[in-house]
>>> print(open('query-v1.txt').read())   # compact mmCIF, C-alpha atoms
# COMPACT_ATOMS: atom_id res chain seq x y z
CA MET B 800 -23.14 -6.96 3.37
CA ARG B 801 -21.25 -9.80 1.70
CA GLU B 802 -17.65 -10.56 2.71
CA ILE B 803 -15.01 -11.36 0.10
CA ALA B 804 -11.24 -11.89 0.11
CA ILE B 805 -8.80 -9.20 -0.94
CA ARG B 806 -7.79 -11.19 -4.05
CA ASP B 807 -11.45 -11.21 -5.12
CA ALA B 808 -11.87 -7.51 -4.36
CA LEU B 809 -8.88 -6.74 -6.58
CA LYS B 810 -10.20 -9.00 -9.35
CA GLU B 811 -13.60 -7.30 -9.18
CA ALA B 812 -11.99 -3.86 -9.39
CA MET B 813 -9.95 -4.78 -12.47
CA THR B 814 -12.81 -6.64 -14.12
CA GLU B 815 -15.31 -3.81 -13.60
CA GLU B 816 -12.89 -1.25 -15.01
CA MET B 817 -12.04 -3.43 -18.02
CA VAL B 818 -15.74 -3.88 -18.77
CA ARG B 819 -16.34 -0.14 -18.36
CA ASP B 820 -13.35 1.03 -20.42
CA GLU B 821 -11.92 -1.01 -23.32
CA ARG B 822 -8.61 0.87 -23.01
CA VAL B 823 -7.82 -0.90 -19.73
CA PHE B 824 -5.70 -4.06 -19.93
CA LEU B 825 -3.62 -6.22 -17.57
CA VAL B 826 -0.05 -7.36 -18.17
CA GLY B 827 2.39 -9.26 -15.97
CA GLU B 828 3.94 -12.61 -15.15
CA GLU B 829 1.40 -15.44 -14.89
CA VAL B 830 -1.63 -13.11 -14.91
CA GLY B 831 -3.40 -15.08 -17.64
CA ALA B 832 -3.21 -18.85 -18.05
CA TYR B 833 -2.12 -19.36 -14.43
CA ASN B 834 -4.86 -16.98 -13.16
CA GLY B 835 -2.28 -14.81 -11.37
CA ALA B 836 0.47 -15.75 -8.94
CA TYR B 837 -1.97 -15.03 -6.09
CA LYS B 838 -5.13 -15.71 -8.14
CA CYS B 839 -6.06 -12.02 -8.32
CA SER B 840 -6.85 -12.36 -12.03
CA LYS B 841 -8.66 -15.70 -11.91
CA GLY B 842 -10.91 -16.14 -14.93
CA MET B 843 -9.97 -12.81 -16.51
CA LEU B 844 -8.15 -14.38 -19.47
CA ASP B 845 -11.28 -16.35 -20.38
CA LYS B 846 -13.43 -13.23 -20.05
CA PHE B 847 -11.26 -10.70 -21.90
CA GLY B 848 -8.90 -12.75 -24.06
CA ALA B 849 -5.13 -12.68 -24.57
CA LYS B 850 -5.06 -9.17 -26.05
CA ARG B 851 -6.24 -7.64 -22.76
CA VAL B 852 -4.85 -10.12 -20.22
CA ILE B 853 -1.25 -10.52 -21.32
CA ASP B 854 1.17 -13.09 -19.93
CA ALA B 855 4.58 -11.41 -19.94
CA PRO B 856 7.99 -13.09 -19.84
CA ILE B 857 10.21 -12.71 -16.78
CA ALA B 858 11.36 -9.27 -17.91
CA GLU B 859 10.06 -6.54 -15.60
CA ASN B 860 12.00 -3.79 -17.34
CA GLY B 861 10.47 -4.86 -20.65
CA PHE B 862 6.81 -5.19 -19.72
CA ALA B 863 6.88 -2.11 -17.47
CA GLY B 864 8.25 -0.12 -20.41
CA PHE B 865 5.68 -1.68 -22.72
CA GLY B 866 2.94 -0.57 -20.32
CA ILE B 867 4.31 2.97 -20.06
CA GLY B 868 4.44 3.30 -23.84
CA ALA B 869 0.88 2.06 -24.10
CA ALA B 870 -0.24 4.57 -21.47
CA MET B 871 1.42 7.43 -23.34
CA THR B 872 -0.49 6.50 -26.51
CA GLY B 873 -3.94 6.44 -24.94
CA LEU B 874 -4.40 3.06 -23.22
CA ARG B 875 -4.74 2.47 -19.46
CA PRO B 876 -2.50 -0.45 -18.45
CA ILE B 877 -2.41 -2.34 -15.17
CA VAL B 878 1.10 -3.75 -14.74
CA GLU B 879 1.35 -6.52 -12.16
CA PHE B 880 4.65 -7.32 -10.48
CA MET B 881 4.69 -10.73 -8.86
CA THR B 882 6.35 -8.91 -5.96
CA PHE B 883 7.61 -5.36 -5.67
CA ASN B 884 11.05 -6.77 -4.94
CA PHE B 885 11.16 -7.53 -8.68
CA SER B 886 10.10 -3.98 -9.56
CA LEU B 887 13.70 -2.91 -8.99
CA ILE B 888 14.47 -4.37 -12.41
CA ALA B 889 12.09 -1.75 -13.82
CA ILE B 890 13.08 1.12 -11.55
CA ASP B 891 14.37 3.33 -14.36
CA GLN B 892 11.13 2.89 -16.28
CA ILE B 893 8.98 3.80 -13.27
CA LEU B 894 11.01 6.63 -11.71
CA ASN B 895 12.66 8.18 -14.75
CA THR B 896 10.01 7.66 -17.41
CA ALA B 897 6.51 7.20 -15.95
CA ALA B 898 6.90 9.66 -13.07
CA LYS B 899 8.49 12.39 -15.19
CA ALA B 900 6.65 12.01 -18.51
CA ARG B 901 4.12 14.80 -17.96
CA LEU B 902 6.73 17.31 -16.73
CA MET B 903 9.32 16.55 -19.39
CA SER B 904 6.75 16.73 -22.19
CA ALA B 905 5.39 20.07 -20.91
CA GLY B 906 2.05 18.37 -20.31
CA GLN B 907 1.75 16.85 -23.77
CA LEU B 908 2.04 13.28 -22.46
CA GLN B 909 -0.11 11.63 -19.84
CA CYS B 910 0.80 8.32 -18.27
CA PRO B 911 -2.34 6.70 -16.81
CA ILE B 912 -0.80 3.44 -15.59
CA VAL B 913 -1.10 1.35 -12.42
CA PHE B 914 1.84 -0.70 -11.15
CA ARG B 915 0.47 -3.18 -8.62
CA GLY B 916 1.58 -6.27 -6.72
CA ALA B 917 2.68 -7.68 -3.38
CA GLY B 918 5.01 -5.67 -1.17
CA GLY B 919 6.76 -6.29 2.14
CA ALA B 920 7.64 -9.45 4.00
CA ALA B 921 5.75 -12.72 3.89
CA PHE B 922 6.81 -15.94 5.63
CA GLN B 923 10.38 -17.17 5.10
CA LEU B 924 11.03 -15.70 1.68
CA GLY B 925 14.54 -14.53 2.50
CA ALA B 926 16.31 -11.22 2.08
CA GLN B 927 15.60 -10.66 -1.62
CA HIS B 928 11.83 -11.15 -1.40
CA ALA B 929 10.89 -9.27 1.77
CA ASN B 930 11.53 -5.58 1.14
CA SER B 931 9.07 -2.76 1.87
CA PHE B 932 9.58 -0.24 -0.92
CA GLU B 933 6.52 1.99 -0.49
CA GLY B 934 8.62 4.78 1.04
CA PHE B 935 11.05 4.48 -1.85
CA TYR B 936 8.31 5.16 -4.39
CA ALA B 937 6.66 7.82 -2.22
CA TYR B 938 9.97 9.71 -2.40
CA THR B 939 9.42 10.31 -6.11
CA PRO B 940 7.31 13.31 -7.23
CA GLY B 941 5.05 12.43 -10.14
CA LEU B 942 3.92 9.11 -8.66
CA ILE B 943 0.79 8.42 -6.64
CA VAL B 944 1.48 5.76 -3.99
CA ILE B 945 -1.37 3.75 -2.47
CA ALA B 946 -1.04 1.08 0.25
CA PRO B 947 -4.49 -0.04 1.51
CA SER B 948 -5.25 -2.78 4.01
CA THR B 949 -8.87 -4.03 3.82
CA PRO B 950 -10.82 -5.60 0.93
CA TYR B 951 -13.15 -2.57 0.88
CA ASP B 952 -10.26 -0.12 0.59
CA MET B 953 -8.41 -2.28 -1.94
CA LYS B 954 -11.33 -2.38 -4.37
CA GLY B 955 -12.40 1.24 -4.06
CA LEU B 956 -8.88 2.63 -4.33
CA LEU B 957 -7.79 0.33 -7.18
CA LYS B 958 -10.78 1.47 -9.23
CA SER B 959 -9.86 5.09 -8.54
CA ALA B 960 -6.23 4.38 -9.43
CA ILE B 961 -7.16 2.86 -12.79
CA ARG B 962 -9.24 5.93 -13.65
CA ASN B 963 -6.50 8.37 -12.60
CA ASP B 964 -4.50 10.09 -15.34
CA ASN B 965 -1.21 9.80 -13.43
CA PRO B 966 1.10 6.82 -12.74
CA VAL B 967 0.02 4.98 -9.60
CA VAL B 968 2.07 2.51 -7.54
CA PHE B 969 -0.37 0.24 -5.69
CA PHE B 970 0.91 -1.97 -2.86
CA GLU B 971 -0.77 -5.18 -1.73
CA SER B 972 0.46 -7.94 0.61
CA GLU B 973 1.09 -11.63 0.08
CA LEU B 974 -0.06 -12.37 3.61
CA THR B 975 -3.49 -10.77 3.29
CA TYR B 976 -4.76 -11.85 -0.15
CA SER B 977 -7.09 -14.39 1.50
CA LEU B 978 -8.27 -11.99 4.23
CA LYS B 979 -12.02 -11.37 3.99
CA GLY B 980 -14.01 -8.25 4.73
CA PRO B 981 -17.24 -6.47 3.79
CA VAL B 982 -17.41 -5.15 0.22
CA PRO B 983 -20.63 -3.74 -1.33
CA GLU B 984 -21.97 -5.41 -4.46
CA GLU B 985 -22.82 -2.05 -5.99
CA GLU B 986 -20.08 0.05 -7.58
CA TYR B 987 -18.17 2.53 -5.43
CA LEU B 988 -14.96 4.55 -5.60
CA LEU B 989 -12.75 5.81 -2.78
CA PRO B 990 -10.91 9.13 -2.97
CA ILE B 991 -7.14 8.97 -3.37
CA GLY B 992 -5.30 10.92 -0.68
CA LYS B 993 -7.74 10.36 2.19
CA ALA B 994 -6.76 8.47 5.34
CA ASP B 995 -9.26 6.40 7.31
CA ILE B 996 -9.72 6.31 11.08
CA LYS B 997 -9.98 2.60 11.73
CA LYS B 998 -10.51 3.16 15.47
CA GLU B 999 -11.29 6.29 17.49
CA GLY B 1000 -9.22 7.03 20.59
CA LYS B 1001 -8.02 9.84 22.86
CA ASP B 1002 -4.71 8.89 24.53
CA VAL B 1003 -2.34 8.12 21.65
CA THR B 1004 -2.40 8.13 17.84
CA LEU B 1005 -1.15 4.99 16.08
CA ILE B 1006 -0.35 5.50 12.39
CA SER B 1007 0.19 2.69 9.89
CA TRP B 1008 -0.66 1.46 6.38
CA SER B 1009 -0.94 -1.75 4.36
CA LYS B 1010 -0.97 -5.03 6.28
CA ASN B 1011 0.57 -3.45 9.39
CA VAL B 1012 -2.79 -1.83 10.03
CA PHE B 1013 -3.96 -5.21 11.33
CA LEU B 1014 -1.00 -5.38 13.73
CA THR B 1015 -1.81 -1.83 14.82
CA LEU B 1016 -5.44 -2.75 15.54
CA GLN B 1017 -4.22 -5.70 17.64
CA VAL B 1018 -2.00 -3.30 19.57
CA ALA B 1019 -4.94 -0.94 20.14
CA GLU B 1020 -7.06 -3.84 21.40
CA GLU B 1021 -4.33 -4.85 23.84
CA LEU B 1022 -3.96 -1.25 25.03
CA GLU B 1023 -7.69 -1.09 25.78
CA LYS B 1024 -7.12 -3.78 28.42
CA MET B 1025 -4.65 -1.36 30.05
CA ASN B 1026 -7.20 1.49 29.94
CA ILE B 1027 -5.26 3.21 27.17
CA SER B 1028 -7.44 4.57 24.35
CA ALA B 1029 -5.59 4.44 21.02
CA GLU B 1030 -6.70 6.07 17.78
CA VAL B 1031 -5.68 4.07 14.69
CA ILE B 1032 -5.08 5.92 11.41
CA ASP B 1033 -4.81 3.89 8.23
CA LEU B 1034 -3.07 6.24 5.80
CA ARG B 1035 -4.17 4.23 2.74
CA THR B 1036 -2.36 6.72 0.47
CA LEU B 1037 1.26 7.78 1.08
CA ARG B 1038 1.48 10.26 -1.80
CA PRO B 1039 -0.54 12.44 -1.63
CA LEU B 1040 -0.64 12.25 2.16
CA ASP B 1041 -3.69 13.22 4.23
CA GLU B 1042 -1.84 15.60 6.56
CA GLU B 1043 -5.10 17.05 7.85
CA ALA B 1044 -6.26 13.74 9.32
CA ILE B 1045 -2.91 13.18 11.03
CA LEU B 1046 -2.62 16.66 12.53
CA LYS B 1047 -6.24 16.62 13.72
CA SER B 1048 -5.64 13.35 15.54
CA VAL B 1049 -2.38 14.55 17.08
CA ALA B 1050 -4.12 17.68 18.36
CA LYS B 1051 -6.56 15.37 20.17
CA THR B 1052 -4.20 12.72 21.59
CA ASN B 1053 -0.89 14.66 21.90
CA ARG B 1054 1.14 11.47 21.42
CA VAL B 1055 2.07 9.48 18.30
CA VAL B 1056 3.52 6.09 17.43
CA VAL B 1057 4.19 5.22 13.77
CA ILE B 1058 4.20 1.49 12.99
CA GLN B 1059 5.93 0.46 9.76
CA GLU B 1060 7.66 -2.56 8.24
CA GLN B 1061 10.40 -0.52 6.59
CA HIS B 1062 13.81 0.00 8.13
CA GLU B 1063 13.84 3.27 10.04
CA VAL B 1064 16.77 4.96 8.27
CA ALA B 1065 15.48 7.26 5.49
CA SER B 1066 12.01 5.66 5.83
CA TYR B 1067 8.48 6.94 5.35
CA GLY B 1068 7.94 6.64 9.10
CA ALA B 1069 10.93 8.91 9.69
CA TYR B 1070 9.36 11.44 7.31
CA LEU B 1071 6.07 11.26 9.22
CA SER B 1072 7.94 11.85 12.48
CA HIS B 1073 9.56 14.95 10.99
CA LEU B 1074 6.26 16.20 9.60
CA ILE B 1075 4.42 15.81 12.91
CA SER B 1076 7.31 17.24 14.94
CA THR B 1077 7.40 20.38 12.81
CA LYS B 1078 3.71 20.95 12.06
CA ALA B 1079 2.23 19.80 15.39
CA PHE B 1080 5.07 20.56 17.79
CA ASP B 1081 2.91 22.55 20.21
CA HIS B 1082 0.47 19.64 20.54
CA LEU B 1083 3.07 16.97 21.33
CA ASP B 1084 3.57 15.85 24.93
CA ALA B 1085 6.31 13.38 23.92
CA PRO B 1086 8.62 12.76 20.96
CA VAL B 1087 7.14 10.77 18.09
CA GLU B 1088 8.02 7.08 18.30
CA VAL B 1089 8.65 5.00 15.16
CA VAL B 1090 8.48 1.19 15.35
CA SER B 1091 10.32 -0.34 12.37
CA SER B 1092 12.05 -3.48 11.20
CA LEU B 1093 15.57 -3.87 12.56
CA GLU B 1094 18.44 -2.58 10.41
CA ALA B 1095 19.36 -5.90 8.81
CA PRO B 1096 18.38 -7.82 5.66
CA MET B 1097 15.52 -10.21 6.30
CA PRO B 1098 16.83 -13.65 7.38
CA TYR B 1099 15.27 -16.85 6.09
CA SER B 1100 15.01 -18.28 9.61
CA LYS B 1101 11.46 -18.11 10.93
CA ALA B 1102 12.70 -17.49 14.47
CA LEU B 1103 14.91 -14.58 13.36
CA GLU B 1104 12.23 -13.17 11.09
CA VAL B 1105 10.07 -12.53 14.17
CA VAL B 1106 12.95 -10.66 15.79
CA ILE B 1107 13.46 -8.39 12.76
CA LEU B 1108 9.83 -7.37 12.13
CA PRO B 1109 7.65 -5.05 14.22
CA SER B 1110 5.68 -6.92 16.88
CA LYS B 1111 2.84 -6.26 19.27
CA ASP B 1112 5.24 -6.13 22.23
CA LYS B 1113 7.57 -3.64 20.51
CA CYS B 1114 4.62 -1.41 19.68
CA ILE B 1115 3.22 -1.50 23.22
CA GLU B 1116 6.65 -0.62 24.63
CA ALA B 1117 6.75 2.40 22.29
CA VAL B 1118 3.28 3.49 23.43
CA LYS B 1119 4.34 3.24 27.05
CA ARG B 1120 7.36 5.46 26.33
CA VAL B 1121 5.22 8.25 24.87
CA LEU B 1122 2.80 8.00 27.81
CA ARG B 1123 5.41 8.43 30.54
>>> encode(input="query-v1.txt", output="structure tokens")
Amino acid sequence: MREIAIRDALKEAMTEEMVRDERVFLVGEEVGAYNGAYKCSKGMLDKFGAKRVIDAPIAENGFAGFGIGAAMTGLRPIVEFMTFNFSLIAIDQILNTAAKARLMSAGQLQCPIVFRGAGGAAFQLGAQHANSFEGFYAYTPGLIVIAPSTPYDMKGLLKSAIRNDNPVVFFESELTYSLKGPVPEEEYLLPIGKADIKKEGKDVTLISWSKNVFLTLQVAEELEKMNISAEVIDLRTLRPLDEEAILKSVAKTNRVVVIQEQHEVASYGAYLSHLISTKAFDHLDAPVEVVSSLEAPMPYSKALEVVILPSKDKCIEAVKRVLR
């Protein structure tokens, strides 16, 4: 099977859906003439023209609202945020309008829209460009929240998101756009709401999503050298959550470590810990551990950035605690 980069997998997903359905269009900052801030829409302006690949001004609240209105009137927009840090400008549009449109219209309005872009920390972008907001959006009923890791998952889930009749928030990562992986040439879709076991194991369950899945796989590889067999679950979708996959794994391993880039307070990892502790209490041989970023805004310093973020060593220490 061929291997392509995540940016190309995303471009293929959008292109295929725009060819298939003329109602689909892309709007965002630099998506057209510049080929996308991370080159995820390279060549799409030439292929589809300026009516379907729309360069928006630096006005997230405006073009998010424009996309929501278009979705309510029968189109299927893809709204790209250069980074989800900037989506805060449009938070009222996403949480108060898109997420609640179907309920508040008694089902008369649908809002088939995808908000996508880079989330989480990259390298030395400072405090205002390094936030992980996936838990924030997963808090909101009415939104579907997807945070894949691999090129295969990115393409299959983005295609499913574009076809979904509900608002979808789709998280990518600046640091993995060039990462390559196997992606079939033939069309495929992946089901929303299904986790993926990236590695089978029997001693401890490691749960993660988005780019931290790759850190988690490194941790599992290191644990193998210590004769510790770790099962790695890539959630892929945070809302709806695949509880069945999690609880089945916990019943097998009896120990859990959640690895996330968010701060721990009021985080998605904290929710997972609560969920597992209440629904799988009889299977647990140790409290659930959550490895998170430290409770501080992200510093610009490269040396301090490493201290703030989850690391392989921090994760292995957490695994050792649950195995005592």
>>> closest_residue(input="query-v1.txt", among="B:Met813, B:Ala921, B:Ala1085, B:Leu1074", to="B:Met843", atoms="only C-alpha atoms")
B:Met813
>>> residues_near_point(input="query-v1.txt", point="(10.1, -23.0, 5.1)", cutoff="9 Å", atoms="all atoms listed in the file", output="list in words")
Phe922, Gln923, Leu924, Tyr1099, Ser1100 and Lys1101 of chain B
>>> residues_around(input="query-v1.txt", residues="B:Ile803", least_positions_apart="4", cutoff="8 Å", atoms="all atoms listed in the file", output="ChimeraX atom specification")
/B:807-808,950,978-982
>>> closest_residue(input="query-v1.txt", among="B:Val1012, B:Leu1037, B:Ile912, B:Leu809", to="B:Ala870", atoms="all atoms listed in the file")
B:Ile912
>>> residues_around(input="query-v1.txt", residues="B:Lys838", least_positions_apart="2", cutoff="10 Å", atoms="all atoms listed in the file", output="PyMOL selection string")
chain B and resi 806-807+809-810+829-831+833-836+840-842+976-977
>>> closest_residue(input="query-v1.txt", among="B:Thr1052, B:Gln1017, B:Thr975, B:Ser1066", to="B:Phe932", atoms="all atoms listed in the file")
B:Ser1066
>>> closest_residue(input="query-v1.txt", among="B:Lys1051, B:Asp1041, B:Ser948, B:Pro1098", to="B:His1082", atoms="only C-alpha atoms")
B:Lys1051
>>> atom_distance(input="query-v1.txt", atom1="atom CA of B:Gly1068", atom2="atom CA of B:Val1090")
8.3 Å
>>> closest_residue(input="query-v1.txt", among="B:Ala898, B:Leu1022, B:Leu957, B:Ala920", to="B:Asn884", atoms="all atoms listed in the file")
B:Ala920
>>> closest_residue(input="query-v1.txt", among="B:Val1018, B:Val1056, B:Ala849, B:Ile893", to="B:Ala863", atoms="all atoms listed in the file")
B:Ile893
>>> build_atoms(input="query-v1.txt", residues="stretch 886-897 of chain B", atoms="N, CA, C and O atoms", output="PDB file, keeping the file's coordinate frame")
ATOM      1  N   SER B 886      10.283  -5.257  -8.872  1.00  0.00           N
ATOM      2  CA  SER B 886      10.100  -3.980  -9.560  1.00  0.00           C
ATOM      3  C   SER B 886      11.411  -3.205  -9.677  1.00  0.00           C
ATOM      4  O   SER B 886      11.517  -2.277 -10.481  1.00  0.00           O
ATOM      5  N   LEU B 887      12.411  -3.589  -8.896  1.00  0.00           N
ATOM      6  CA  LEU B 887      13.700  -2.910  -8.990  1.00  0.00           C
ATOM      7  C   LEU B 887      14.324  -3.078 -10.371  1.00  0.00           C
ATOM      8  O   LEU B 887      15.105  -2.237 -10.826  1.00  0.00           O
ATOM      9  N   ILE B 888      13.985  -4.171 -11.045  1.00  0.00           N
ATOM     10  CA  ILE B 888      14.470  -4.370 -12.410  1.00  0.00           C
ATOM     11  C   ILE B 888      13.931  -3.279 -13.334  1.00  0.00           C
ATOM     12  O   ILE B 888      14.565  -2.900 -14.320  1.00  0.00           O
ATOM     13  N   ALA B 889      12.757  -2.754 -12.981  1.00  0.00           N
ATOM     14  CA  ALA B 889      12.090  -1.750 -13.820  1.00  0.00           C
ATOM     15  C   ALA B 889      12.171  -0.352 -13.225  1.00  0.00           C
ATOM     16  O   ALA B 889      11.413   0.537 -13.629  1.00  0.00           O
ATOM     17  N   ILE B 890      13.085  -0.142 -12.297  1.00  0.00           N
ATOM     18  CA  ILE B 890      13.080   1.120 -11.550  1.00  0.00           C
ATOM     19  C   ILE B 890      13.302   2.332 -12.446  1.00  0.00           C
ATOM     20  O   ILE B 890      12.719   3.403 -12.243  1.00  0.00           O
ATOM     21  N   ASP B 891      14.134   2.195 -13.461  1.00  0.00           N
ATOM     22  CA  ASP B 891      14.370   3.330 -14.360  1.00  0.00           C
ATOM     23  C   ASP B 891      13.101   3.672 -15.122  1.00  0.00           C
ATOM     24  O   ASP B 891      12.768   4.848 -15.313  1.00  0.00           O
ATOM     25  N   GLN B 892      12.369   2.649 -15.556  1.00  0.00           N
ATOM     26  CA  GLN B 892      11.130   2.890 -16.280  1.00  0.00           C
ATOM     27  C   GLN B 892      10.107   3.632 -15.418  1.00  0.00           C
ATOM     28  O   GLN B 892       9.427   4.556 -15.870  1.00  0.00           O
ATOM     29  N   ILE B 893      10.005   3.229 -14.150  1.00  0.00           N
ATOM     30  CA  ILE B 893       8.980   3.800 -13.270  1.00  0.00           C
ATOM     31  C   ILE B 893       9.371   5.208 -12.805  1.00  0.00           C
ATOM     32  O   ILE B 893       8.578   6.156 -12.900  1.00  0.00           O
ATOM     33  N   LEU B 894      10.602   5.355 -12.304  1.00  0.00           N
ATOM     34  CA  LEU B 894      11.010   6.630 -11.710  1.00  0.00           C
ATOM     35  C   LEU B 894      11.442   7.657 -12.739  1.00  0.00           C
ATOM     36  O   LEU B 894      11.183   8.852 -12.584  1.00  0.00           O
ATOM     37  N   ASN B 895      12.120   7.215 -13.789  1.00  0.00           N
ATOM     38  CA  ASN B 895      12.660   8.180 -14.750  1.00  0.00           C
ATOM     39  C   ASN B 895      11.746   8.435 -15.943  1.00  0.00           C
ATOM     40  O   ASN B 895      11.846   9.484 -16.577  1.00  0.00           O
ATOM     41  N   THR B 896      10.871   7.478 -16.251  1.00  0.00           N
ATOM     42  CA  THR B 896      10.010   7.660 -17.410  1.00  0.00           C
ATOM     43  C   THR B 896       8.565   7.948 -16.995  1.00  0.00           C
ATOM     44  O   THR B 896       8.040   9.034 -17.273  1.00  0.00           O
ATOM     45  N   ALA B 897       7.922   7.016 -16.305  1.00  0.00           N
ATOM     46  CA  ALA B 897       6.510   7.200 -15.950  1.00  0.00           C
ATOM     47  C   ALA B 897       6.303   8.435 -15.073  1.00  0.00           C
ATOM     48  O   ALA B 897       5.422   9.264 -15.338  1.00  0.00           O
TER      49      ALA B 897
END
